[in-house]
file entry-v2.tsv (TSV, C-alpha atoms and all ligand atoms)
chain	number	residue	atom	x	y	z
C	25	MET	CA	46.45	-53.57	-50.53
C	26	SER	CA	48.40	-50.45	-49.61
C	27	ARG	CA	52.13	-51.17	-49.41
C	28	ARG	CA	53.02	-48.13	-47.36
C	29	ILE	CA	54.51	-48.86	-43.95
C	30	LEU	CA	54.25	-46.77	-40.77
C	31	GLN	CA	56.79	-46.95	-37.99
C	32	VAL	CA	55.05	-46.43	-34.65
C	33	GLY	CA	57.31	-45.70	-31.69
C	34	PRO	CA	61.08	-46.13	-31.42
C	35	LEU	CA	62.51	-49.19	-33.17
C	36	LYS	CA	65.91	-50.87	-33.09
C	37	PRO	CA	67.99	-48.43	-35.17
C	38	SER	CA	68.98	-51.01	-37.80
C	39	LEU	CA	65.33	-52.03	-38.24
C	40	ALA	CA	64.25	-48.39	-38.58
C	41	ALA	CA	67.03	-47.84	-41.13
C	42	THR	CA	66.02	-50.89	-43.16
C	43	LEU	CA	62.41	-49.75	-43.26
C	44	THR	CA	63.40	-46.31	-44.46
C	45	GLU	CA	65.90	-47.53	-47.03
C	46	ARG	CA	64.14	-50.57	-48.48
C	47	TYR	CA	60.43	-49.93	-48.02
C	48	ASP	CA	57.95	-47.16	-48.64
C	49	ALA	CA	57.98	-46.27	-44.96
C	50	LEU	CA	56.99	-43.26	-42.89
C	51	VAL	CA	57.62	-42.53	-39.22
C	52	LEU	CA	54.69	-41.48	-37.03
C	53	PRO	CA	55.68	-38.19	-35.36
C	54	ASP	CA	55.34	-37.96	-31.63
C	55	ASP	CA	54.84	-34.20	-31.41
C	56	ASP	CA	52.11	-31.69	-32.29
C	57	THR	CA	52.40	-32.49	-36.00
C	58	ARG	CA	50.95	-35.96	-35.39
C	59	ALA	CA	47.29	-35.13	-36.05
C	60	ALA	CA	48.06	-33.39	-39.35
C	61	PHE	CA	50.41	-36.24	-40.32
C	62	LEU	CA	47.68	-38.82	-39.69
C	63	ALA	CA	45.08	-36.79	-41.56
C	64	GLU	CA	47.39	-36.65	-44.57
C	65	HIS	CA	49.01	-40.10	-44.52
C	66	GLY	CA	46.75	-42.28	-42.33
C	67	PRO	CA	44.54	-43.47	-45.21
C	68	SER	CA	47.58	-44.71	-47.21
C	69	ILE	CA	49.08	-46.92	-44.48
C	70	GLY	CA	48.92	-50.67	-45.15
C	71	ALA	CA	51.10	-51.99	-42.33
C	72	VAL	CA	52.52	-50.77	-39.03
C	73	VAL	CA	55.82	-51.85	-37.52
C	74	THR	CA	55.94	-51.30	-33.76
C	75	THR	CA	57.08	-52.81	-30.46
C	76	GLY	CA	55.44	-53.93	-27.25
C	77	ARG	CA	56.60	-50.66	-25.76
C	78	THR	CA	54.35	-48.56	-28.04
C	79	GLY	CA	51.84	-50.73	-29.91
C	80	VAL	CA	48.73	-49.63	-31.76
C	81	PRO	CA	45.80	-48.56	-29.58
C	82	ALA	CA	42.26	-48.49	-31.00
C	83	ASP	CA	42.22	-44.71	-31.55
C	84	LEU	CA	45.33	-44.86	-33.73
C	85	MET	CA	43.98	-47.88	-35.60
C	86	ALA	CA	40.81	-45.93	-36.38
C	87	GLN	CA	42.93	-43.35	-38.18
C	88	LEU	CA	44.50	-46.02	-40.40
C	89	PRO	CA	41.51	-47.25	-42.44
C	90	ALA	CA	43.59	-49.27	-44.94
C	91	LEU	CA	45.62	-51.03	-42.24
C	92	GLY	CA	46.08	-54.74	-42.95
C	93	ALA	CA	48.87	-55.81	-40.60
C	94	ILE	CA	50.61	-54.85	-37.38
C	95	VAL	CA	54.13	-56.25	-37.20
C	96	ASN	CA	55.21	-56.31	-33.56
C	97	PHE	CA	58.90	-56.50	-32.68
C	98	GLY	CA	58.70	-58.54	-29.47
C	99	VAL	CA	56.66	-61.45	-28.22
C	100	GLY	CA	54.39	-59.30	-26.04
C	101	TYR	CA	51.80	-57.16	-27.82
C	102	ASP	CA	49.64	-56.02	-24.91
C	103	THR	CA	49.94	-52.37	-26.01
C	104	THR	CA	48.08	-53.19	-29.23
C	105	ASP	CA	44.29	-53.41	-29.10
C	106	VAL	CA	43.79	-57.00	-30.24
C	107	GLU	CA	39.98	-56.81	-30.24
C	108	ALA	CA	39.96	-53.68	-32.39
C	109	ALA	CA	42.41	-55.37	-34.77
C	110	ALA	CA	40.26	-58.50	-34.98
C	111	ALA	CA	37.14	-56.41	-35.61
C	112	ARG	CA	38.89	-54.62	-38.47
C	113	GLY	CA	40.45	-57.80	-39.91
C	114	VAL	CA	43.95	-56.49	-39.14
C	115	LEU	CA	46.56	-59.22	-38.71
C	116	ILE	CA	49.07	-58.98	-35.87
C	117	SER	CA	52.41	-60.78	-35.89
C	118	ASN	CA	54.89	-61.01	-33.01
C	119	THR	CA	58.35	-62.56	-32.57
C	120	PRO	CA	57.91	-65.74	-30.49
C	121	ASP	CA	60.49	-68.51	-30.02
C	122	VAL	CA	63.56	-66.53	-31.10
C	123	LEU	CA	63.72	-64.75	-27.73
C	124	THR	CA	62.71	-67.63	-25.48
C	125	ASP	CA	66.27	-68.65	-24.53
C	126	CYS	CA	67.41	-65.15	-23.61
C	127	VAL	CA	64.32	-64.34	-21.57
C	128	ALA	CA	64.60	-67.66	-19.73
C	129	ASP	CA	68.33	-67.10	-19.18
C	130	THR	CA	67.54	-63.70	-17.68
C	131	ALA	CA	64.97	-65.24	-15.35
C	132	ILE	CA	67.60	-67.65	-14.05
C	133	GLY	CA	70.20	-64.89	-13.71
C	134	LEU	CA	67.72	-62.69	-11.89
C	135	THR	CA	66.76	-65.53	-9.57
C	136	ILE	CA	70.36	-66.26	-8.66
C	137	ASP	CA	71.16	-62.56	-8.26
C	138	THR	CA	68.14	-61.98	-6.03
C	139	LEU	CA	68.75	-64.91	-3.68
C	140	ARG	CA	72.56	-64.75	-3.67
C	141	ARG	CA	72.61	-60.92	-3.79
C	142	LEU	CA	75.31	-60.81	-6.44
C	143	SER	CA	74.58	-57.22	-7.51
C	144	ASP	CA	74.56	-56.04	-3.92
C	145	ALA	CA	77.80	-57.92	-3.22
C	146	ASP	CA	79.36	-56.23	-6.26
C	147	ARG	CA	78.40	-52.85	-4.76
C	148	PHE	CA	79.89	-53.99	-1.43
C	149	VAL	CA	83.25	-54.64	-3.11
C	150	ARG	CA	83.19	-51.41	-5.14
C	151	ARG	CA	82.30	-49.32	-2.06
C	152	GLY	CA	85.42	-50.69	-0.39
C	153	ASP	CA	83.38	-52.32	2.38
C	154	TRP	CA	85.11	-55.69	2.17
C	155	PRO	CA	88.28	-54.95	4.20
C	156	GLU	CA	86.24	-53.32	6.96
C	157	ALA	CA	83.36	-55.82	7.08
C	158	GLY	CA	85.50	-58.90	6.60
C	159	THR	CA	82.78	-60.99	5.02
C	160	TYR	CA	79.63	-60.33	3.06
C	161	PRO	CA	76.42	-61.37	4.89
C	162	LEU	CA	75.15	-64.87	4.18
C	163	THR	CA	72.56	-65.21	1.43
C	164	ARG	CA	70.04	-67.83	0.30
C	165	LYS	CA	70.68	-71.07	-1.62
C	166	VAL	CA	69.02	-71.40	-5.05
C	167	SER	CA	69.51	-75.10	-5.87
C	168	GLY	CA	66.67	-77.23	-4.63
C	169	LYS	CA	64.28	-74.37	-3.91
C	170	ARG	CA	60.63	-74.97	-4.80
C	171	VAL	CA	59.73	-72.80	-7.77
C	172	GLY	CA	56.25	-71.86	-8.97
C	173	ILE	CA	55.86	-70.51	-12.49
C	174	VAL	CA	52.90	-68.31	-13.39
C	175	GLY	CA	52.30	-69.00	-17.10
C	176	LEU	CA	53.73	-72.21	-18.53
C	177	GLY	CA	54.01	-71.01	-22.14
C	178	ARG	CA	57.18	-71.19	-24.22
C	179	ILE	CA	59.16	-68.95	-21.86
C	180	GLY	CA	57.76	-70.52	-18.69
C	181	GLN	CA	58.67	-73.97	-20.02
C	182	ALA	CA	62.20	-72.85	-20.86
C	183	ILE	CA	62.62	-71.46	-17.34
C	184	ALA	CA	61.36	-74.73	-15.88
C	185	THR	CA	63.77	-76.78	-18.00
C	186	ARG	CA	66.70	-74.70	-16.77
C	187	LEU	CA	65.58	-74.95	-13.15
C	188	GLU	CA	65.38	-78.73	-13.36
C	189	ALA	CA	69.18	-78.66	-13.64
C	190	PHE	CA	69.21	-76.84	-10.29
C	191	GLY	CA	67.21	-79.65	-8.70
C	192	CYS	CA	64.24	-77.35	-8.14
C	193	PRO	CA	60.81	-79.00	-7.75
C	194	ILE	CA	58.56	-77.11	-10.16
C	195	SER	CA	54.88	-76.29	-10.09
C	196	TYR	CA	52.89	-73.86	-12.19
C	197	HIS	CA	49.65	-72.04	-12.74
C	198	SER	CA	48.22	-71.42	-16.22
C	199	ARG	CA	44.72	-70.71	-17.47
C	200	ARG	CA	44.52	-74.40	-18.25
C	201	GLU	CA	46.49	-77.40	-17.03
C	202	VAL	CA	49.16	-78.28	-19.61
C	203	THR	CA	48.55	-81.80	-20.85
C	204	GLY	CA	51.55	-84.06	-20.38
C	205	SER	CA	53.49	-81.55	-18.27
C	206	PRO	CA	55.72	-83.19	-15.64
C	207	TYR	CA	55.14	-80.23	-13.30
C	208	ILE	CA	52.51	-79.90	-10.58
C	209	TYR	CA	49.49	-77.79	-11.52
C	210	ALA	CA	48.04	-75.27	-9.07
C	211	ALA	CA	44.47	-74.10	-9.62
C	212	SER	CA	45.19	-70.48	-8.69
C	213	PRO	CA	48.19	-68.14	-8.36
C	214	ALA	CA	47.57	-67.98	-4.58
C	215	ASP	CA	47.59	-71.79	-4.28
C	216	LEU	CA	50.81	-71.85	-6.28
C	217	ALA	CA	52.47	-69.14	-4.21
C	218	ALA	CA	51.56	-70.82	-0.91
C	219	ASP	CA	53.60	-73.92	-1.77
C	220	VAL	CA	56.79	-72.43	-3.25
C	221	ASP	CA	59.91	-70.50	-2.22
C	222	ILE	CA	60.24	-68.60	-5.50
C	223	LEU	CA	57.38	-67.37	-7.70
C	224	VAL	CA	58.40	-66.61	-11.29
C	225	VAL	CA	56.01	-64.57	-13.42
C	226	ALA	CA	56.20	-65.63	-17.08
C	227	THR	CA	52.69	-65.02	-18.35
C	228	SER	CA	51.67	-62.54	-21.05
C	229	GLY	CA	50.44	-59.07	-20.13
C	230	GLY	CA	47.12	-57.44	-21.03
C	231	SER	CA	43.73	-57.10	-19.41
C	232	GLY	CA	43.37	-60.85	-18.79
C	233	THR	CA	46.35	-60.96	-16.44
C	234	GLN	CA	46.17	-57.50	-14.86
C	235	HIS	CA	47.24	-57.89	-11.19
C	236	LEU	CA	47.01	-61.68	-11.43
C	237	VAL	CA	49.72	-61.56	-8.77
C	238	ASP	CA	47.93	-59.37	-6.24
C	239	ARG	CA	48.48	-58.73	-2.53
C	240	GLN	CA	46.82	-62.01	-1.59
C	241	VAL	CA	49.19	-63.97	-3.83
C	242	LEU	CA	52.22	-62.12	-2.48
C	243	GLU	CA	51.07	-62.72	1.09
C	244	ALA	CA	50.70	-66.41	0.26
C	245	LEU	CA	54.31	-66.38	-0.97
C	246	GLY	CA	55.19	-65.11	2.48
C	247	PRO	CA	58.16	-63.66	4.39
C	248	GLU	CA	60.58	-66.34	3.14
C	249	GLY	CA	59.39	-66.11	-0.48
C	250	TYR	CA	60.90	-64.38	-3.50
C	251	LEU	CA	59.17	-62.93	-6.56
C	252	ILE	CA	60.81	-62.86	-10.00
C	253	ASN	CA	59.09	-61.00	-12.86
C	254	ILE	CA	60.36	-61.11	-16.45
C	255	ALA	CA	56.87	-60.82	-18.00
C	256	ARG	CA	54.98	-57.53	-17.68
C	257	GLY	CA	54.72	-55.10	-14.79
C	258	SER	CA	50.95	-55.08	-15.18
C	259	VAL	CA	50.72	-58.69	-13.98
C	260	VAL	CA	51.89	-57.76	-10.46
C	261	ASP	CA	50.28	-55.29	-8.04
C	262	GLN	CA	53.42	-53.17	-7.74
C	263	ASP	CA	52.16	-51.06	-4.81
C	264	ALA	CA	51.40	-54.19	-2.79
C	265	LEU	CA	54.78	-55.64	-3.76
C	266	VAL	CA	56.66	-52.55	-2.55
C	267	ASP	CA	54.65	-52.52	0.67
C	268	LEU	CA	55.38	-56.18	1.42
C	269	LEU	CA	59.05	-55.85	0.49
C	270	ARG	CA	59.37	-52.93	2.91
C	271	THR	CA	57.58	-54.62	5.78
C	272	GLY	CA	59.12	-58.08	5.44
C	273	GLY	CA	55.94	-59.57	3.99
C	274	ILE	CA	58.09	-61.19	1.30
C	275	ALA	CA	61.85	-61.76	1.33
C	276	GLY	CA	62.89	-60.17	-1.95
C	277	ALA	CA	62.20	-59.61	-5.62
C	278	GLY	CA	64.01	-59.62	-8.94
C	279	LEU	CA	62.29	-57.43	-11.51
C	280	ASP	CA	62.90	-56.78	-15.20
C	281	VAL	CA	59.51	-55.11	-15.73
C	282	TYR	CA	57.43	-52.45	-13.98
C	283	THR	CA	53.99	-50.88	-14.00
C	284	ASP	CA	54.99	-47.64	-15.70
C	285	GLU	CA	58.27	-48.15	-17.54
C	286	PRO	CA	60.79	-46.60	-17.54
C	287	THR	CA	59.68	-45.18	-14.19
C	288	VAL	CA	60.86	-47.23	-11.23
C	289	PRO	CA	59.30	-45.99	-7.97
C	290	ALA	CA	61.77	-44.40	-5.56
C	291	ASP	CA	60.38	-46.67	-2.82
C	292	LEU	CA	61.53	-49.69	-4.82
C	293	MET	CA	64.94	-48.20	-5.57
C	294	ALA	CA	65.50	-47.55	-1.88
C	295	LEU	CA	65.22	-51.26	-1.02
C	296	ASP	CA	68.26	-53.52	-0.87
C	297	ASN	CA	66.32	-56.80	-1.07
C	298	VAL	CA	65.50	-56.25	-4.74
C	299	VAL	CA	67.39	-56.59	-8.02
C	300	LEU	CA	66.16	-54.09	-10.60
C	301	LEU	CA	66.79	-54.56	-14.31
C	302	PRO	CA	65.75	-52.14	-17.10
C	303	HIS	CA	63.51	-54.52	-19.16
C	304	LEU	CA	66.49	-56.17	-20.83
C	305	ALA	CA	65.48	-59.85	-20.88
C	306	SER	CA	65.63	-60.32	-24.67
C	307	GLY	CA	68.39	-57.75	-25.10
C	308	THR	CA	71.31	-59.60	-26.62
C	309	VAL	CA	72.92	-58.93	-29.98
C	310	GLU	CA	71.97	-62.40	-31.21
C	311	THR	CA	68.36	-62.40	-30.06
C	312	ARG	CA	67.55	-58.84	-31.10
C	313	ALA	CA	68.98	-59.62	-34.56
C	314	ALA	CA	66.74	-62.69	-34.77
C	315	MET	CA	63.72	-60.65	-33.64
C	316	GLU	CA	64.52	-58.03	-36.28
C	317	GLN	CA	64.78	-60.66	-38.99
C	318	LEU	CA	61.51	-62.28	-37.96
C	319	ALA	CA	59.74	-58.91	-37.93
C	320	LEU	CA	61.02	-58.21	-41.45
C	321	ASP	CA	60.08	-61.72	-42.59
C	322	ASN	CA	56.56	-61.12	-41.31
C	323	LEU	CA	56.39	-57.80	-43.13
C	324	ASP	CA	57.70	-59.32	-46.36
C	325	ARG	CA	55.24	-62.18	-46.16
C	326	TRP	CA	52.37	-59.78	-45.67
C	327	LEU	CA	53.50	-57.69	-48.64
C	328	ALA	CA	53.85	-60.87	-50.71
C	329	ASP	CA	50.58	-62.65	-49.99
C	330	GLY	CA	48.64	-60.86	-47.26
C	331	THR	CA	49.50	-63.37	-44.50
C	332	VAL	CA	52.08	-63.32	-41.70
C	333	LEU	CA	54.45	-66.05	-40.55
C	334	THR	CA	53.87	-65.79	-36.81
C	335	PRO	CA	50.35	-64.48	-36.19
C	336	VAL	CA	49.28	-63.89	-32.60
C	337	PRO	CA	46.75	-66.48	-31.46
C	338	GLU	CA	43.88	-64.05	-30.80
C	339	VAL	CA	43.65	-62.90	-34.42
C	340	THR	CA	43.04	-65.67	-36.91
C	341	PRO	CA	44.67	-65.03	-40.28
C	342	ARG	CA	42.27	-64.49	-43.14
C	343	GLY	CA	41.68	-67.74	-44.96
C	344	ALA	CA	42.88	-69.88	-42.04
C	345	SER	CA	40.45	-72.13	-40.23
V	1	LIG	C1	61.42	-56.37	-25.76
V	1	LIG	C2	59.66	-57.84	-24.69
V	1	LIG	O1	62.15	-55.61	-24.86
V	1	LIG	O2	59.32	-59.33	-26.47
V	1	LIG	C3	58.82	-58.71	-25.54
V	1	LIG	O3	57.62	-58.80	-25.28
V	1	LIG	O4	59.22	-57.35	-23.72
V	1	LIG	C4	61.07	-57.61	-25.05
V	1	LIG	O5	61.58	-58.66	-25.78
V	1	LIG	C5	60.41	-55.51	-26.38
V	1	LIG	O6	59.41	-56.16	-27.05
V	1	LIG	C6	61.07	-54.57	-27.36
V	1	LIG	O7	60.47	-53.39	-27.32
call {"tool": "encode", "arguments": {"input": "entry-v2.tsv", "output": "structure tokens"}}
result
Amino acid sequence: MSRRILQVGPLKPSLAATLTERYDALVLPDDDTRAAFLAEHGPSIGAVVTTGRTGVPADLMAQLPALGAIVNFGVGYDTTDVEAAAARGVLISNTPDVLTDCVADTAIGLTIDTLRRLSDADRFVRRGDWPEAGTYPLTRKVSGKRVGIVGLGRIGQAIATRLEAFGCPISYHSRREVTGSPYIYAASPADLAADVDILVVATSGGSGTQHLVDRQVLEALGPEGYLINIARGSVVDQDALVDLLRTGGIAGAGLDVYTDEPTVPADLMALDNVVLLPHLASGTVETRAAMEQLALDNLDRWLADGTVLTPVPEVTPRGAS
């Protein structure tokens, strides 16, 4: 096993520093020296540390013939080619659980902000509109609204638990019905959207969920409906979303993720019925520290015995049944 580590894409500065100081680690250049770097160092790389923002596509993996593990900082790993990794026997670890609370908290905050227009009301005060206008326009109540969750995994469950405290009836759509779940199962995203006031996207990204929330689903949500997305931009047809937001086809949206981050379409920015966040859902000091520790624990475990602590489900660890 090669013990040399490669950092792929920007990492949390303290994680990058730890890798450089305590490990035999190199940083993949992002300029025209990359090809020569890979030709020289690619064969010696045993593990990659990356994030969901960058990941390891198949063409990069092919240039790392000794690769044994991809340590992903983040729960989502849709930028890494899972099939290519499985075919090569490369393990992938991610950082589940430790970020669930913060991502779910953000979903709730985004929901409240979108319906109650807190960010817009803040701008109203700062612009000095209050004395002139007298009152801020009325908004929409959150408590008691029917919420549909697309993807009832760890994060979806945590969102549902929080929304129960708001008296929200909850339904969901997942690939499979979740045994023992107290929530109502909908067979398709469109069926789910048709029966709720707020649709929250909490499923993983990747080819399997590309545009799962398409125009038809958004139309089923309807002119009184709100979309909240804290998952991946790829899950939602962003062009259809913008079109329906502009024409009153849906009431509003709260977004932490986009199709082509960090680009947010000007059409979306021009709308006042949206709340736009810069993919910050897990971004607290506490949670990012926990993610960093879990990423390092995965790396250390791989260096120690060739396994990882939190393997992604698609790639079965060697030796596991
Ligand atoms: C991070 C995320 O922003 O965990 C994920 O999948 O999207 C976020 O927690 C990201 O992974 C860090 O690059």
call {"tool": "residues_around", "arguments": {"input": "entry-v2.tsv", "residues": "region 37-44 of chain C", "least_positions_apart": "2", "cutoff": "10 Å", "atoms": "only C-alpha atoms", "output": "list in words"}}
result
Ile29, Leu30, Gln31, Pro34, Leu35, Arg46, Tyr47, Asp48, Ala49, Leu50, Val51, Val73, Phe97, Ala313, Met315, Glu316, Gln317, Ala319 and Leu320 of chain C
call {"tool": "atom_distance", "arguments": {"input": "entry-v2.tsv", "atom1": "CA of Ser306 (chain C)", "atom2": "CA of Ser228 (chain C)"}}
result
14.6 Å
call {"tool": "residues_around", "arguments": {"input": "entry-v2.tsv", "residues": "region 272-277 of chain C", "least_positions_apart": "5", "cutoff": "7 Å", "atoms": "only C-alpha atoms", "output": "list of chain:residue names"}}
result
C:Thr138, C:Glu243, C:Leu245, C:Gly246, C:Pro247, C:Glu248, C:Gly249, C:Tyr250, C:Leu251, C:Ile252, C:Asn297, C:Val298, C:Val299
call {"tool": "write_last_selection", "arguments": {"input": "entry-v2.tsv", "atoms": "C-alpha atoms", "output": "PDB file, in the frame of the given file"}}
result
ATOM      1  CA  THR C 138      68.140 -61.980  -6.030  1.00  0.00           C
ATOM      2  CA  GLU C 243      51.070 -62.720   1.090  1.00  0.00           C
ATOM      3  CA  LEU C 245      54.310 -66.380  -0.970  1.00  0.00           C
ATOM      4  CA  GLY C 246      55.190 -65.110   2.480  1.00  0.00           C
ATOM      5  CA  PRO C 247      58.160 -63.660   4.390  1.00  0.00           C
ATOM      6  CA  GLU C 248      60.580 -66.340   3.140  1.00  0.00           C
ATOM      7  CA  GLY C 249      59.390 -66.110  -0.480  1.00  0.00           C
ATOM      8  CA  TYR C 250      60.900 -64.380  -3.500  1.00  0.00           C
ATOM      9  CA  LEU C 251      59.170 -62.930  -6.560  1.00  0.00           C
ATOM     10  CA  ILE C 252      60.810 -62.860 -10.000  1.00  0.00           C
ATOM     11  CA  ASN C 297      66.320 -56.800  -1.070  1.00  0.00           C
ATOM     12  CA  VAL C 298      65.500 -56.250  -4.740  1.00  0.00           C
ATOM     13  CA  VAL C 299      67.390 -56.590  -8.020  1.00  0.00           C
TER      14      VAL C 299
END
call {"tool": "residues_around", "arguments": {"input": "entry-v2.tsv", "residues": "Asp284 (chain C)", "least_positions_apart": "2", "cutoff": "12 Å", "atoms": "all atoms listed in the file", "output": "ChimeraX atom specification"}}
result
/C:77,256-263,281-282,286-289,302-303
call {"tool": "axis_aligned_box", "arguments": {"input": "entry-v2.tsv", "around": "ligand LIG 1 (chain V)", "padding_each_side": "3 Å", "output": "AutoDock Vina command-line options"}}
result
--center_x 59.9 --center_y -56.4 --center_z -25.5 --size_x 10.5 --size_y 11.9 --size_z 9.6
call {"tool": "closest_atom_pairs", "arguments": {"input": "entry-v2.tsv", "of": "chain C", "to": "ligand LIG 1 (chain V)", "cutoff": "7 Å", "atoms": "all atoms listed in the file", "output": "JSON lines"}}
result
{"residue": "C:Thr75", "atom": "CA", "partner": "V:LIG1", "partner_atom": "O7", "distance": 4.7}
{"residue": "C:Gly76", "atom": "CA", "partner": "V:LIG1", "partner_atom": "O6", "distance": 4.6}
{"residue": "C:Arg77", "atom": "CA", "partner": "V:LIG1", "partner_atom": "O7", "distance": 5.0}
{"residue": "C:Phe97", "atom": "CA", "partner": "V:LIG1", "partner_atom": "O6", "distance": 5.7}
{"residue": "C:Gly98", "atom": "CA", "partner": "V:LIG1", "partner_atom": "O2", "distance": 3.2}
{"residue": "C:Val99", "atom": "CA", "partner": "V:LIG1", "partner_atom": "O2", "distance": 3.8}
{"residue": "C:Gly100", "atom": "CA", "partner": "V:LIG1", "partner_atom": "O3", "distance": 3.4}
{"residue": "C:Tyr101", "atom": "CA", "partner": "V:LIG1", "partner_atom": "O3", "distance": 6.6}
{"residue": "C:Thr119", "atom": "CA", "partner": "V:LIG1", "partner_atom": "O2", "distance": 7.0}
{"residue": "C:Leu123", "atom": "CA", "partner": "V:LIG1", "partner_atom": "O5", "distance": 6.7}
{"residue": "C:His303", "atom": "CA", "partner": "V:LIG1", "partner_atom": "O1", "distance": 6.0}
{"residue": "C:Leu304", "atom": "CA", "partner": "V:LIG1", "partner_atom": "O1", "distance": 5.9}
{"residue": "C:Ala305", "atom": "CA", "partner": "V:LIG1", "partner_atom": "O5", "distance": 6.4}
{"residue": "C:Ser306", "atom": "CA", "partner": "V:LIG1", "partner_atom": "O5", "distance": 4.5}
{"residue": "C:Gly307", "atom": "CA", "partner": "V:LIG1", "partner_atom": "O1", "distance": 6.6}
call {"tool": "write_last_selection", "arguments": {"input": "entry-v2.tsv", "atoms": "C-alpha atoms", "output": "PDB file, keeping the file's coordinate frame"}}
result
ATOM      1  CA  THR C  75      57.080 -52.810 -30.460  1.00  0.00           C
ATOM      2  CA  GLY C  76      55.440 -53.930 -27.250  1.00  0.00           C
ATOM      3  CA  ARG C  77      56.600 -50.660 -25.760  1.00  0.00           C
ATOM      4  CA  PHE C  97      58.900 -56.500 -32.680  1.00  0.00           C
ATOM      5  CA  GLY C  98      58.700 -58.540 -29.470  1.00  0.00           C
ATOM      6  CA  VAL C  99      56.660 -61.450 -28.220  1.00  0.00           C
ATOM      7  CA  GLY C 100      54.390 -59.300 -26.040  1.00  0.00           C
ATOM      8  CA  TYR C 101      51.800 -57.160 -27.820  1.00  0.00           C
ATOM      9  CA  THR C 119      58.350 -62.560 -32.570  1.00  0.00           C
ATOM     10  CA  LEU C 123      63.720 -64.750 -27.730  1.00  0.00           C
ATOM     11  CA  HIS C 303      63.510 -54.520 -19.160  1.00  0.00           C
ATOM     12  CA  LEU C 304      66.490 -56.170 -20.830  1.00  0.00           C
ATOM     13  CA  ALA C 305      65.480 -59.850 -20.880  1.00  0.00           C
ATOM     14  CA  SER C 306      65.630 -60.320 -24.670  1.00  0.00           C
ATOM     15  CA  GLY C 307      68.390 -57.750 -25.100  1.00  0.00           C
TER      16      GLY C 307
END
call {"tool": "closest_residue", "arguments": {"input": "entry-v2.tsv", "among": "C:Glu64, C:Asp146, C:Glu107, C:Glu156", "to": "Val336 (chain C)", "atoms": "all atoms listed in the file"}}
result
C:Glu107
call {"tool": "closest_residue", "arguments": {"input": "entry-v2.tsv", "among": "C:Ile173, C:Val72, C:Leu84, C:Leu333", "to": "Ala59 (chain C)", "atoms": "only C-alpha atoms"}}
result
C:Leu84
call {"tool": "residues_around", "arguments": {"input": "entry-v2.tsv", "residues": "Trp326 (chain C)", "least_positions_apart": "3", "cutoff": "12 Å", "atoms": "all atoms listed in the file", "output": "ChimeraX atom specification"}}
result
/C:25-29,70-73,91-95,114-117,319-323,329-335,341-342
call {"tool": "closest_residue", "arguments": {"input": "entry-v2.tsv", "among": "C:Ala226, C:Leu52, C:Ala264, C:Ile179", "to": "Thr78 (chain C)", "atoms": "only C-alpha atoms"}}
result
C:Leu52
call {"tool": "residues_around", "arguments": {"input": "entry-v2.tsv", "residues": "Ile132 (chain C)", "least_positions_apart": "6", "cutoff": "8 Å", "atoms": "only C-alpha atoms", "output": "PyMOL selection string"}}
result
chain C and resi 183+186-187
call {"tool": "atom_distance", "arguments": {"input": "entry-v2.tsv", "atom1": "CA of Thr185 (chain C)", "atom2": "CA of Asp137 (chain C)"}}
result
18.8 Å
call {"tool": "closest_residue", "arguments": {"input": "entry-v2.tsv", "among": "C:Val241, C:Ala131, C:Cys192, C:Ala328", "to": "Ile254 (chain C)", "atoms": "all atoms listed in the file"}}
result
C:Ala131
call {"tool": "atom_distance", "arguments": {"input": "entry-v2.tsv", "atom1": "CA of Thr233 (chain C)", "atom2": "CA of Gly113 (chain C)"}}
result
24.4 Å
call {"tool": "decode", "arguments": {"input": "entry-v2.tsv", "residues": "region 235-241 of chain C", "atoms": "N, CA, C and O atoms", "output": "compact mmCIF listing (two decimals), in the first residue's frame"}}
result
# COMPACT_ATOMS: atom_id res chain seq x y z
N HIS C 235 -32.57 15.91 -11.79
CA HIS C 235 -33.88 16.48 -12.14
C HIS C 235 -35.04 15.62 -11.65
O HIS C 235 -36.09 15.55 -12.30
N LEU C 236 -34.86 14.99 -10.50
CA LEU C 236 -35.97 14.26 -9.87
C LEU C 236 -37.14 15.22 -9.64
O LEU C 236 -38.30 14.87 -9.76
N VAL C 237 -36.78 16.45 -9.26
CA VAL C 237 -37.79 17.50 -9.12
C VAL C 237 -37.77 18.31 -10.43
O VAL C 237 -36.99 19.25 -10.60
N ASP C 238 -38.62 17.87 -11.36
CA ASP C 238 -38.65 18.51 -12.68
C ASP C 238 -39.85 19.46 -12.77
O ASP C 238 -40.54 19.73 -11.78
N ARG C 239 -40.10 19.97 -13.95
CA ARG C 239 -41.18 20.95 -14.14
C ARG C 239 -42.53 20.38 -13.68
O ARG C 239 -43.32 21.07 -13.03
N GLN C 240 -42.76 19.12 -14.00
CA GLN C 240 -44.03 18.49 -13.63
C GLN C 240 -44.23 18.47 -12.11
O GLN C 240 -45.32 18.74 -11.60
N VAL C 241 -43.15 18.18 -11.40
CA VAL C 241 -43.22 18.15 -9.93
C VAL C 241 -43.48 19.57 -9.40
O VAL C 241 -44.32 19.78 -8.52
